[in-house]
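To be precise, the following lines are final-v5.txt, and they hold compact mmCIF, C-alpha atoms.
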```txt
# COMPACT_ATOMS: atom_id res chain seq x y z
CA MET F 248 -46.55 -8.17 45.74
CA THR F 249 -44.72 -10.04 48.47
CA ALA F 250 -41.15 -9.36 49.46
CA ALA F 251 -40.05 -12.81 48.17
CA THR F 252 -41.29 -12.33 44.60
CA GLY F 253 -39.80 -8.81 44.61
CA MET F 254 -36.42 -10.26 45.48
CA SER F 255 -36.45 -12.96 42.78
CA GLU F 256 -37.62 -10.48 40.18
CA ARG F 257 -34.86 -8.10 41.13
CA ARG F 258 -32.28 -10.86 41.01
CA ARG F 259 -33.44 -11.98 37.58
CA TYR F 260 -33.20 -8.39 36.36
CA TRP F 261 -29.58 -8.03 37.47
CA LEU F 262 -28.69 -11.52 36.19
CA SER F 263 -30.05 -10.63 32.77
CA LEU F 264 -28.10 -7.39 32.75
CA ALA F 265 -24.90 -9.19 33.75
CA ALA F 266 -25.53 -11.87 31.09
CA LEU F 267 -25.60 -9.13 28.43
CA ALA F 268 -21.98 -8.30 29.23
CA VAL F 269 -21.06 -11.88 28.34
CA VAL F 270 -23.53 -12.57 25.53
CA LEU F 271 -22.87 -9.41 23.49
CA PRO F 272 -19.10 -9.94 23.02
CA LEU F 273 -19.81 -13.63 22.39
CA ALA F 274 -22.28 -12.75 19.64
CA ILE F 275 -19.69 -10.48 18.01
CA VAL F 276 -17.04 -13.22 18.13
CA VAL F 277 -19.43 -15.86 16.71
CA ASN F 278 -20.46 -13.49 13.95
CA SER F 279 -16.92 -12.66 12.88
CA TRP F 280 -15.44 -16.12 13.50
CA ASP F 281 -15.12 -16.92 9.79
CA SER F 282 -13.37 -13.64 9.00
CA LEU F 283 -11.08 -14.06 12.02
CA SER F 284 -10.00 -17.58 11.08
CA GLU F 285 -9.59 -16.50 7.45
CA TRP F 286 -7.36 -13.61 8.60
CA ARG F 287 -5.29 -15.91 10.83
CA ARG F 288 -4.85 -18.39 8.00
CA SER F 289 -3.69 -15.71 5.57
CA GLU F 290 -0.90 -14.57 7.88
CA PHE F 291 2.72 -15.69 7.63
CA ARG F 292 2.88 -17.34 11.05
CA THR F 293 4.74 -20.65 11.02
CA PRO F 294 8.17 -20.33 9.41
CA ILE F 295 9.89 -23.48 8.15
CA ALA F 296 13.61 -22.67 8.06
CA VAL F 297 15.50 -24.34 5.22
CA GLU F 298 19.30 -24.64 5.30
CA ARG F 299 21.39 -23.82 2.26
CA GLY F 300 21.56 -26.72 -0.21
CA THR F 301 18.87 -28.86 1.43
CA THR F 302 15.38 -29.63 0.17
CA GLN F 303 12.21 -29.17 2.17
CA ALA F 304 8.76 -30.67 1.70
CA TYR F 305 6.06 -27.98 1.59
CA ALA F 306 2.62 -27.68 -0.04
CA GLY F 307 2.94 -30.87 -2.08
CA ALA F 308 6.45 -30.30 -3.43
CA GLN F 309 10.16 -30.57 -2.51
CA TRP F 310 11.63 -27.06 -2.47
CA GLN F 311 15.21 -26.00 -2.89
CA LEU F 312 16.96 -22.66 -3.24
CA THR F 313 19.44 -23.02 -6.09
CA GLY F 314 20.86 -19.52 -6.28
CA LEU F 315 20.85 -16.07 -4.69
CA THR F 316 22.82 -13.77 -7.00
CA ARG F 317 23.72 -10.12 -6.40
CA LEU F 318 23.83 -7.90 -9.49
CA PRO F 319 24.54 -4.16 -9.71
CA GLY F 320 21.35 -2.06 -9.74
CA ALA F 321 20.38 0.95 -11.85
CA THR F 322 22.03 3.36 -9.37
CA PRO F 323 25.10 2.82 -7.12
CA GLU F 324 22.96 2.53 -3.99
CA THR F 325 20.76 -0.26 -5.36
CA THR F 326 21.44 -3.97 -5.76
CA LEU F 327 19.45 -6.55 -7.67
CA ILE F 328 18.94 -9.88 -5.96
CA VAL F 329 18.04 -12.77 -8.25
CA ALA F 330 16.59 -15.71 -6.33
CA GLU F 331 16.34 -19.02 -8.17
CA PHE F 332 14.47 -21.97 -6.70
CA ASP F 333 13.13 -25.39 -7.68
CA ALA F 334 10.00 -27.29 -6.73
CA ALA F 335 9.86 -31.06 -7.39
CA VAL F 336 6.12 -31.71 -7.59
CA ASP F 337 4.52 -34.50 -5.54
CA ASP F 338 0.94 -33.28 -5.44
CA PRO F 339 -0.09 -30.66 -8.04
CA ALA F 340 -3.53 -30.13 -6.46
CA LEU F 341 -1.97 -29.10 -3.13
CA LEU F 342 0.55 -26.88 -4.88
CA GLN F 343 -2.10 -25.04 -6.87
CA ALA F 344 -4.48 -24.63 -3.91
CA GLY F 345 -3.77 -20.92 -3.69
CA PRO F 346 -1.60 -18.12 -5.00
CA CYS F 347 2.16 -18.25 -4.59
CA ALA F 348 3.80 -15.29 -2.87
CA VAL F 349 7.52 -14.59 -2.63
CA VAL F 350 9.06 -11.94 -0.36
CA LEU F 351 12.65 -10.99 0.39
CA THR F 352 13.23 -9.83 3.98
CA ASP F 353 16.22 -8.41 5.84
CA ASP F 354 17.30 -8.34 9.48
CA LYS F 355 15.48 -5.02 10.04
CA GLY F 356 12.14 -6.60 9.07
CA ARG F 357 11.87 -4.74 5.77
CA ARG F 358 10.06 -6.64 3.00
CA TRP F 359 10.72 -6.40 -0.74
CA LEU F 360 8.26 -7.74 -3.27
CA PRO F 361 9.51 -9.11 -6.59
CA VAL F 362 9.85 -6.72 -9.52
CA PHE F 363 7.43 -7.28 -12.36
CA LEU F 364 9.96 -7.45 -15.21
CA PRO F 365 13.54 -8.55 -14.47
CA GLY F 366 15.02 -6.29 -17.16
CA ARG F 367 18.29 -6.09 -19.05
CA THR F 368 20.68 -6.35 -16.10
CA VAL F 369 19.36 -9.80 -15.20
CA ARG F 370 19.39 -10.90 -18.83
CA GLN F 371 23.08 -9.96 -19.07
CA GLY F 372 24.29 -10.85 -15.57
CA ARG F 373 22.30 -14.02 -15.06
CA PRO F 374 20.86 -15.20 -18.41
CA ALA F 375 19.83 -18.59 -17.01
CA ALA F 376 17.51 -16.90 -14.49
CA ALA F 377 16.02 -14.44 -16.95
CA ASP F 378 14.29 -17.23 -18.86
CA LYS F 379 12.89 -18.98 -15.81
CA PRO F 380 9.23 -18.27 -15.04
CA ARG F 381 8.30 -16.40 -11.89
CA CYS F 382 6.30 -18.13 -9.17
CA TYR F 383 3.30 -18.45 -11.49
CA GLY F 384 5.27 -21.27 -13.18
CA LEU F 385 3.52 -23.53 -10.69
CA ALA F 386 0.37 -23.31 -12.79
CA ARG F 387 1.95 -25.93 -15.07
CA ALA F 388 2.81 -28.34 -12.23
CA GLU F 389 2.60 -32.05 -12.99
CA LYS F 390 3.44 -34.94 -10.70
CA GLY F 391 7.09 -35.92 -10.92
CA LYS F 392 8.14 -32.76 -12.75
CA THR F 393 10.62 -30.27 -11.32
CA ILE F 394 9.75 -26.62 -11.87
CA THR F 395 12.53 -24.05 -11.86
CA MET F 396 11.58 -20.48 -10.98
CA ALA F 397 13.29 -17.14 -10.45
CA GLU F 398 12.28 -13.83 -8.87
CA THR F 399 14.16 -10.52 -8.90
CA PHE F 400 14.22 -7.90 -6.15
CA THR F 401 15.58 -4.34 -5.94
CA VAL F 402 17.16 -3.72 -2.52
CA PRO F 403 19.52 -1.11 -1.03
CA GLU F 404 23.23 -1.85 -1.29
CA GLY F 405 23.58 -2.03 2.51
CA ALA F 406 20.78 -4.54 3.19
CA THR F 407 22.03 -7.45 5.32
CA GLY F 408 20.62 -10.72 6.61
CA LEU F 409 18.54 -11.31 3.50
CA ALA F 410 16.12 -14.25 3.57
CA LEU F 411 13.67 -15.49 0.96
CA SER F 412 10.14 -16.40 2.06
CA ILE F 413 7.88 -18.51 -0.14
CA THR F 414 4.26 -19.24 0.66
CA ILE F 415 1.46 -21.10 -1.12
CA GLY F 416 -2.09 -19.99 -0.28
CA GLY F 417 -3.31 -23.50 0.56
CA ALA F 418 -0.44 -24.23 2.97
CA ARG F 419 -0.66 -21.03 5.03
CA PRO F 420 0.05 -20.03 7.75
CA ALA F 421 3.19 -22.18 7.21
CA TYR F 422 5.83 -20.67 4.94
CA LEU F 423 9.36 -21.48 3.81
CA VAL F 424 12.34 -19.34 4.79
CA PHE F 425 15.60 -19.74 2.88
CA ARG F 426 18.59 -17.98 4.47
CA MET Y 45 -49.53 11.68 39.62
CA SER Y 46 -45.79 11.46 40.23
CA ALA Y 47 -45.73 8.03 38.52
CA VAL Y 48 -47.28 9.52 35.38
CA LEU Y 49 -44.78 12.39 35.43
CA LYS Y 50 -41.94 9.95 35.91
CA GLY Y 51 -43.14 7.89 32.95
CA LEU Y 52 -43.46 10.96 30.73
CA GLY Y 53 -40.03 12.17 31.79
CA GLY Y 54 -38.51 8.80 30.97
CA LEU Y 55 -40.17 8.78 27.56
CA ALA Y 56 -38.92 12.30 26.78
CA LEU Y 57 -35.40 11.36 27.90
CA ALA Y 58 -35.41 8.19 25.74
CA ALA Y 59 -36.67 10.17 22.73
CA ALA Y 60 -33.96 12.80 23.22
CA VAL Y 61 -31.21 10.18 23.53
CA LEU Y 62 -32.45 8.31 20.43
CA TYR Y 63 -32.67 11.54 18.43
CA GLY Y 64 -29.16 12.51 19.48
CA MET Y 65 -27.78 9.12 18.51
CA GLN Y 66 -29.54 9.24 15.16
CA ARG Y 67 -28.12 12.67 14.38
CA THR Y 68 -24.55 11.77 15.35
CA THR Y 69 -24.32 8.32 13.69
CA PRO Y 70 -21.26 8.45 11.41
CA GLY Y 71 -21.83 7.41 7.81
CA TYR Y 72 -20.03 4.50 6.19
CA GLY Y 73 -17.72 6.94 4.44
CA GLU Y 74 -16.68 8.47 7.75
CA ILE Y 75 -16.13 5.11 9.48
CA THR Y 76 -13.86 3.90 6.66
CA ALA Y 77 -12.24 7.28 5.91
CA PRO Y 78 -8.46 7.35 5.35
CA ARG Y 79 -6.21 8.14 8.30
CA PRO Y 80 -4.60 11.51 7.54
CA VAL Y 81 -0.94 12.18 8.27
CA ALA Y 82 -0.17 15.89 8.06
CA GLY Y 83 3.00 17.36 6.58
CA LYS Y 84 4.48 20.51 5.10
CA LEU Y 85 6.10 21.48 1.82
CA GLY Y 86 9.85 20.91 2.02
CA HIS Y 87 9.72 18.59 5.04
CA ARG Y 88 9.92 14.81 4.95
CA LEU Y 89 6.64 13.26 6.05
CA GLU Y 90 7.02 9.86 7.71
CA GLY Y 91 3.96 7.66 7.57
CA ARG Y 92 3.71 4.05 8.65
CA ALA Y 93 3.75 2.57 5.14
CA PHE Y 94 5.59 5.27 3.20
CA ALA Y 95 7.59 8.47 3.56
CA ILE Y 96 7.29 11.39 1.16
CA ASP Y 97 9.15 14.66 0.82
CA ILE Y 98 7.67 17.28 -1.53
CA ALA Y 99 10.51 19.58 -2.49
CA LYS Y 100 9.12 21.87 -5.16
CA VAL Y 101 5.87 23.11 -6.71
CA GLN Y 102 5.84 25.00 -10.02
CA LEU Y 103 2.92 26.55 -11.87
CA ALA Y 104 2.54 27.20 -15.59
CA ARG Y 105 -0.01 28.07 -18.29
CA THR Y 106 1.46 25.52 -20.69
CA VAL Y 107 3.80 22.54 -20.34
CA ALA Y 108 6.16 21.62 -23.16
CA THR Y 109 7.59 18.10 -23.12
CA LYS Y 110 10.83 17.15 -24.83
CA GLY Y 111 10.87 13.43 -25.48
CA ALA Y 112 13.13 11.02 -27.26
CA ALA Y 113 10.79 10.83 -30.23
CA ARG Y 114 8.90 14.13 -30.42
CA ASP Y 115 8.20 17.33 -28.56
CA SER Y 116 4.68 18.30 -27.52
CA ASN Y 117 2.93 21.33 -26.13
CA PHE Y 118 0.18 20.92 -23.55
CA THR Y 119 -2.15 23.85 -22.99
CA THR Y 120 -4.84 23.94 -20.35
CA SER Y 121 -7.89 26.03 -19.57
CA GLY Y 122 -6.67 26.14 -15.97
CA VAL Y 123 -3.18 26.06 -14.52
CA TRP Y 124 -0.59 23.29 -14.69
CA VAL Y 125 0.84 22.32 -11.30
CA LEU Y 126 4.08 20.32 -11.40
CA VAL Y 127 5.02 18.79 -8.05
CA GLU Y 128 8.47 17.27 -7.50
CA GLY Y 129 9.59 15.23 -4.52
CA THR Y 130 11.03 12.02 -3.17
CA ALA Y 131 9.11 9.00 -1.92
CA GLU Y 132 10.16 5.81 -0.15
CA ALA Y 133 8.42 2.70 1.12
CA ARG Y 134 8.97 2.10 4.85
CA THR Y 135 8.41 -1.60 5.46
CA GLU Y 136 7.15 -3.22 2.26
CA SER Y 137 7.42 -2.45 -1.47
CA LEU Y 138 4.46 -0.43 -2.73
CA THR Y 139 3.19 1.92 -5.41
CA LEU Y 140 1.38 5.17 -4.61
CA LEU Y 141 -1.43 5.24 -7.15
CA SER Y 142 -3.40 8.21 -5.89
CA ALA Y 143 -2.48 11.88 -5.63
CA GLU Y 144 -5.09 14.61 -5.41
CA TRP Y 145 -5.00 18.39 -5.18
CA LEU Y 146 -7.47 19.52 -2.52
CA GLY Y 147 -8.51 23.08 -3.30
CA ALA Y 148 -9.24 25.70 -0.67
CA ASN Y 149 -13.00 25.22 -1.19
CA GLY Y 150 -12.85 21.44 -0.66
CA VAL Y 151 -12.91 20.31 -4.30
CA ARG Y 152 -10.42 17.52 -5.08
CA TYR Y 153 -8.58 17.22 -8.40
CA ALA Y 154 -7.02 13.93 -9.52
CA MET Y 155 -3.69 13.86 -11.32
CA SER Y 156 -3.73 14.83 -14.97
CA GLN Y 157 -3.60 11.77 -17.20
CA ARG Y 158 -2.14 13.73 -20.13
CA LEU Y 159 1.47 13.52 -18.90
CA SER Y 160 1.14 10.08 -17.32
CA SER Y 161 3.53 8.41 -19.77
CA LEU Y 162 6.50 10.53 -18.66
CA PRO Y 163 9.21 8.89 -16.55
CA GLY Y 164 9.10 9.44 -12.81
CA MET Y 165 5.33 9.95 -12.56
CA LEU Y 166 4.19 8.89 -9.08
CA PRO Y 167 1.86 6.00 -10.08
CA GLY Y 168 4.60 4.54 -12.28
CA GLN Y 169 7.29 4.51 -9.60
CA ARG Y 170 7.64 1.29 -7.66
CA LEU Y 171 8.83 2.28 -4.17
CA GLU Y 172 11.16 -0.04 -2.27
CA PRO Y 173 12.08 0.09 1.46
CA GLY Y 174 15.40 1.87 1.95
CA LEU Y 175 15.50 3.33 -1.58
CA PRO Y 176 14.13 6.90 -1.90
CA MET Y 177 12.81 7.47 -5.43
CA PRO Y 178 12.27 10.79 -7.20
CA VAL Y 179 8.59 11.30 -8.00
CA LEU Y 180 6.72 13.75 -10.21
CA MET Y 181 3.03 14.71 -10.21
CA ALA Y 182 1.09 16.91 -12.62
CA PHE Y 183 -2.31 18.50 -12.00
CA GLU Y 184 -4.58 20.76 -14.02
CA ILE Y 185 -6.60 22.96 -11.70
CA PRO Y 186 -8.52 26.26 -11.93
CA GLU Y 187 -6.43 29.29 -11.01
CA GLY Y 188 -8.64 30.02 -8.01
CA GLN Y 189 -7.73 26.67 -6.44
CA VAL Y 190 -3.97 27.27 -6.38
CA ALA Y 191 -3.75 29.25 -3.13
CA GLY Y 192 -4.44 27.26 0.03
CA GLY Y 193 -4.18 23.92 -1.73
CA THR Y 194 -3.33 20.63 -0.02
CA LEU Y 195 -1.76 17.59 -1.65
CA LEU Y 196 -3.35 14.24 -0.72
CA ILE Y 197 -1.29 11.13 -1.41
CA ALA Y 198 -2.36 7.53 -0.77
CA ARG Y 199 -1.81 4.00 -2.04
CA SER Y 200 -5.11 4.08 -3.91
CA ALA Y 201 -7.97 6.50 -4.48
CA TRP Y 202 -10.34 4.55 -2.27
CA ALA Y 203 -8.78 2.44 0.46
CA PRO Y 204 -10.70 2.12 3.75
CA LEU Y 205 -8.69 3.19 6.80
CA ALA Y 206 -5.52 3.51 4.72
CA GLU Y 207 -2.90 6.13 5.36
CA GLN Y 208 -3.21 9.43 3.48
CA ALA Y 209 -0.43 12.01 3.44
CA ARG Y 210 -1.83 15.57 3.56
CA ILE Y 211 0.76 18.13 2.61
CA GLU Y 212 -0.01 21.84 2.83
CA MET Y 213 1.08 23.56 -0.36
CA ALA Y 214 1.76 26.93 1.26
CA GLY Y 215 4.40 27.74 -1.36
CA ALA Y 216 2.00 27.72 -4.32
CA LYS Y 217 0.77 31.23 -5.20
CA PRO Y 218 -1.03 32.42 -8.37
CA VAL Y 219 1.60 35.18 -8.84
CA ASP Y 220 4.17 32.49 -9.57
CA ILE Y 221 2.39 31.16 -12.66
CA ARG Y 222 4.88 31.05 -15.53
CA PRO Y 223 3.84 31.18 -19.17
CA CYS Y 224 5.60 27.90 -20.00
CA LEU Y 225 7.55 25.11 -18.25
CA VAL Y 226 9.66 22.61 -20.16
CA LEU Y 227 9.60 19.02 -18.94
CA ALA Y 228 12.43 17.02 -20.46
CA ARG Y 229 13.69 13.47 -20.03
CA SER Y 230 17.00 13.09 -18.26
CA GLN Y 231 19.50 10.26 -17.90
CA GLY Y 232 20.47 11.09 -14.31
CA ARG Y 233 19.18 9.79 -11.02
CA VAL Y 234 16.12 12.02 -11.46
CA PRO Y 235 14.65 10.92 -14.81
CA TRP Y 236 13.32 14.38 -15.73
CA THR Y 237 14.18 18.08 -15.61
CA VAL Y 238 11.80 21.01 -15.23
CA SER Y 239 12.95 24.36 -16.57
CA ALA Y 240 11.33 27.70 -17.35
CA GLU Y 241 11.63 28.78 -20.93
```
Take the structure from the file and write it as structure tokens.
Amino acid sequence: MTAATGMSERRRYWLSLAALAVVLPLAIVVNSWDSLSEWRRSEFRTPIAVERGTTQAYAGAQWQLTGLTRLPGATPETTLIVAEFDAAVDDPALLQAGPCAVVLTDDKGRRWLPVFLPGRTVRQGRPAAADKPRCYGLARAEKGKTITMAETFTVPEGATGLALSITIGGARPAYLVFR
Amino acid sequence: MSAVLKGLGGLALAAAVLYGMQRTTPGYGEITAPRPVAGKLGHRLEGRAFAIDIAKVQLARTVATKGAARDSNFTTSGVWVLVEGTAEARTESLTLLSAEWLGANGVRYAMSQRLSSLPGMLPGQRLEPGLPMPVLMAFEIPEGQVAGGTLLIARSAWAPLAEQARIEMAGAKPVDIRPCLVLARSQGRVPWTVSAE
């Protein structure tokens, strides 16, 4: 073995070892790329702020918040928030491209999910909203039709800075924020 | 000679390292095990997703329920454990579907399904951020598992890497087993009352 071949062999050995440090993380990233992009897409990342009384195009429909009513809750420290909103359908396929999710947030970053059954208080205090379907009403979307929906939330009396977020699976990571 | 020894030594070292790695590889269950958050009876336990405060544990041979429609008597071949407390979601609305009694010998007991229709039962309480809710749990366990028990509470029975509250039930002792406890519906903030008969 000559000194020259010894050198090149040694260099190749260290190069290969150094390449591992790059190739291994790369292989992990390539392998999990689909899951990573899926995870990024499922996040609420791009808020579209909507002013009171205005409509906003989103996920193949024109959205509008028509009412945010406070009703007394079951105990003195709770409040029911009834959110009513409309979607004028332009493209039913886009609108039904994923599940609809509605969340009420406050200025402390707390998140309330809608209650399953609105109950008697809503039926008495806001009868018009009690008969509206929840977000699943979008399943019956047809072009040109306007769908009215309502969701109810139980929040503490002192919650401030409430905002309603609406997202459609197919349009994520963009989501609507009504203040 | 020294080259042969070196080779043998390297082989033995590699074998030892491989054996060690094989013996210490964690199983799938261990990798995805819940993250425990420890707490004590009577103290509020603050997790990331939920907070829970177990206030009281009562033991009985039988549980009598007084309902709106009819009264029932529930006997058991073990011991009834009634656990009362308060739970609250921290950041997002949730329901705590799983509560287990971990006995001193490592056996876990799920909640009794026989009283699951009563108001205030933990899996039936929707927890909202900022609104502490009274919660009730009922277990049927052998008498020998009362002392040294731990309460395990999580969002679901099997959730990888999810938070699990572990509350030491130091207050539960077999000497405190009552013959009968009455569980009645109530109209107040706490939708039940527990009383000894």
| request: Grab the CA of Leu385 (chain F) to CA of Asp333 (chain F) distance for me, in Å with one decimal place. | output: 10.2 Å
| remark: Closest of F:Val402, F:Gly408, F:Ala296, F:Ile415 to Ala334 (chain F), counting only C-alpha atoms, is F:Ile415
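The residue that comes closest to Arg170 (chain Y), out of F:Pro403, F:Leu423, F:Arg387, F:Leu360 and on the basis of all atoms listed in the file, is F:Leu360.
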Within 12 Å of chain F, which residues of chain Y come that close, and what is the closest atom pair and distance in Å for each? Count only C-alpha atoms and give it as a Markdown table.
```
| residue | atom | partner | partner_atom | distance |
| --- | --- | --- | --- | --- |
| Y:Ala93 | CA | F:Arg357 | CA | 10.9 |
| Y:Glu132 | CA | F:Pro403 | CA | 11.7 |
| Y:Ala133 | CA | F:Arg357 | CA | 9.4 |
| Y:Arg134 | CA | F:Arg357 | CA | 7.5 |
| Y:Thr135 | CA | F:Arg357 | CA | 4.7 |
| Y:Glu136 | CA | F:Arg358 | CA | 4.6 |
| Y:Ser137 | CA | F:Trp359 | CA | 5.2 |
| Y:Leu138 | CA | F:Leu360 | CA | 8.3 |
| Y:Thr139 | CA | F:Leu360 | CA | 11.1 |
| Y:Gln169 | CA | F:Val362 | CA | 11.5 |
| Y:Arg170 | CA | F:Val362 | CA | 8.5 |
| Y:Leu171 | CA | F:Trp359 | CA | 9.5 |
| Y:Glu172 | CA | F:Trp359 | CA | 6.6 |
| Y:Pro173 | CA | F:Arg357 | CA | 6.5 |
| Y:Gly174 | CA | F:Pro403 | CA | 5.9 |
| Y:Leu175 | CA | F:Pro403 | CA | 6.0 |
| Y:Pro176 | CA | F:Pro403 | CA | 9.7 |
| Y:Met177 | CA | F:Thr322 | CA | 10.8 |
| Y:Gln231 | CA | F:Ala321 | CA | 11.1 |
| Y:Gly232 | CA | F:Thr322 | CA | 9.3 |
| Y:Arg233 | CA | F:Thr322 | CA | 7.2 |
| Y:Val234 | CA | F:Thr322 | CA | 10.7 |
| Y:Pro235 | CA | F:Ala321 | CA | 11.9 |
```
| At a cut-off of 12 Å from (16.0, 16.3, -19.0) in the coordinates of the file, what residues are picked up using all atoms listed in the file, written as a VMD selection string? | chain Y and resid 108 to 112 162 to 164 226 to 239
Generate a file of the selected residues that holds C-alpha atoms, formatted as a compact mmCIF listing (two decimals), keeping the file's coordinate frame.
```txt
# COMPACT_ATOMS: atom_id res chain seq x y z
CA ALA Y 108 6.16 21.62 -23.16
CA THR Y 109 7.59 18.10 -23.12
CA LYS Y 110 10.83 17.15 -24.83
CA GLY Y 111 10.87 13.43 -25.48
CA ALA Y 112 13.13 11.02 -27.26
CA LEU Y 162 6.50 10.53 -18.66
CA PRO Y 163 9.21 8.89 -16.55
CA GLY Y 164 9.10 9.44 -12.81
CA VAL Y 226 9.66 22.61 -20.16
CA LEU Y 227 9.60 19.02 -18.94
CA ALA Y 228 12.43 17.02 -20.46
CA ARG Y 229 13.69 13.47 -20.03
CA SER Y 230 17.00 13.09 -18.26
CA GLN Y 231 19.50 10.26 -17.90
CA GLY Y 232 20.47 11.09 -14.31
CA ARG Y 233 19.18 9.79 -11.02
CA VAL Y 234 16.12 12.02 -11.46
CA PRO Y 235 14.65 10.92 -14.81
CA TRP Y 236 13.32 14.38 -15.73
CA THR Y 237 14.18 18.08 -15.61
CA VAL Y 238 11.80 21.01 -15.23
CA SER Y 239 12.95 24.36 -16.57
```
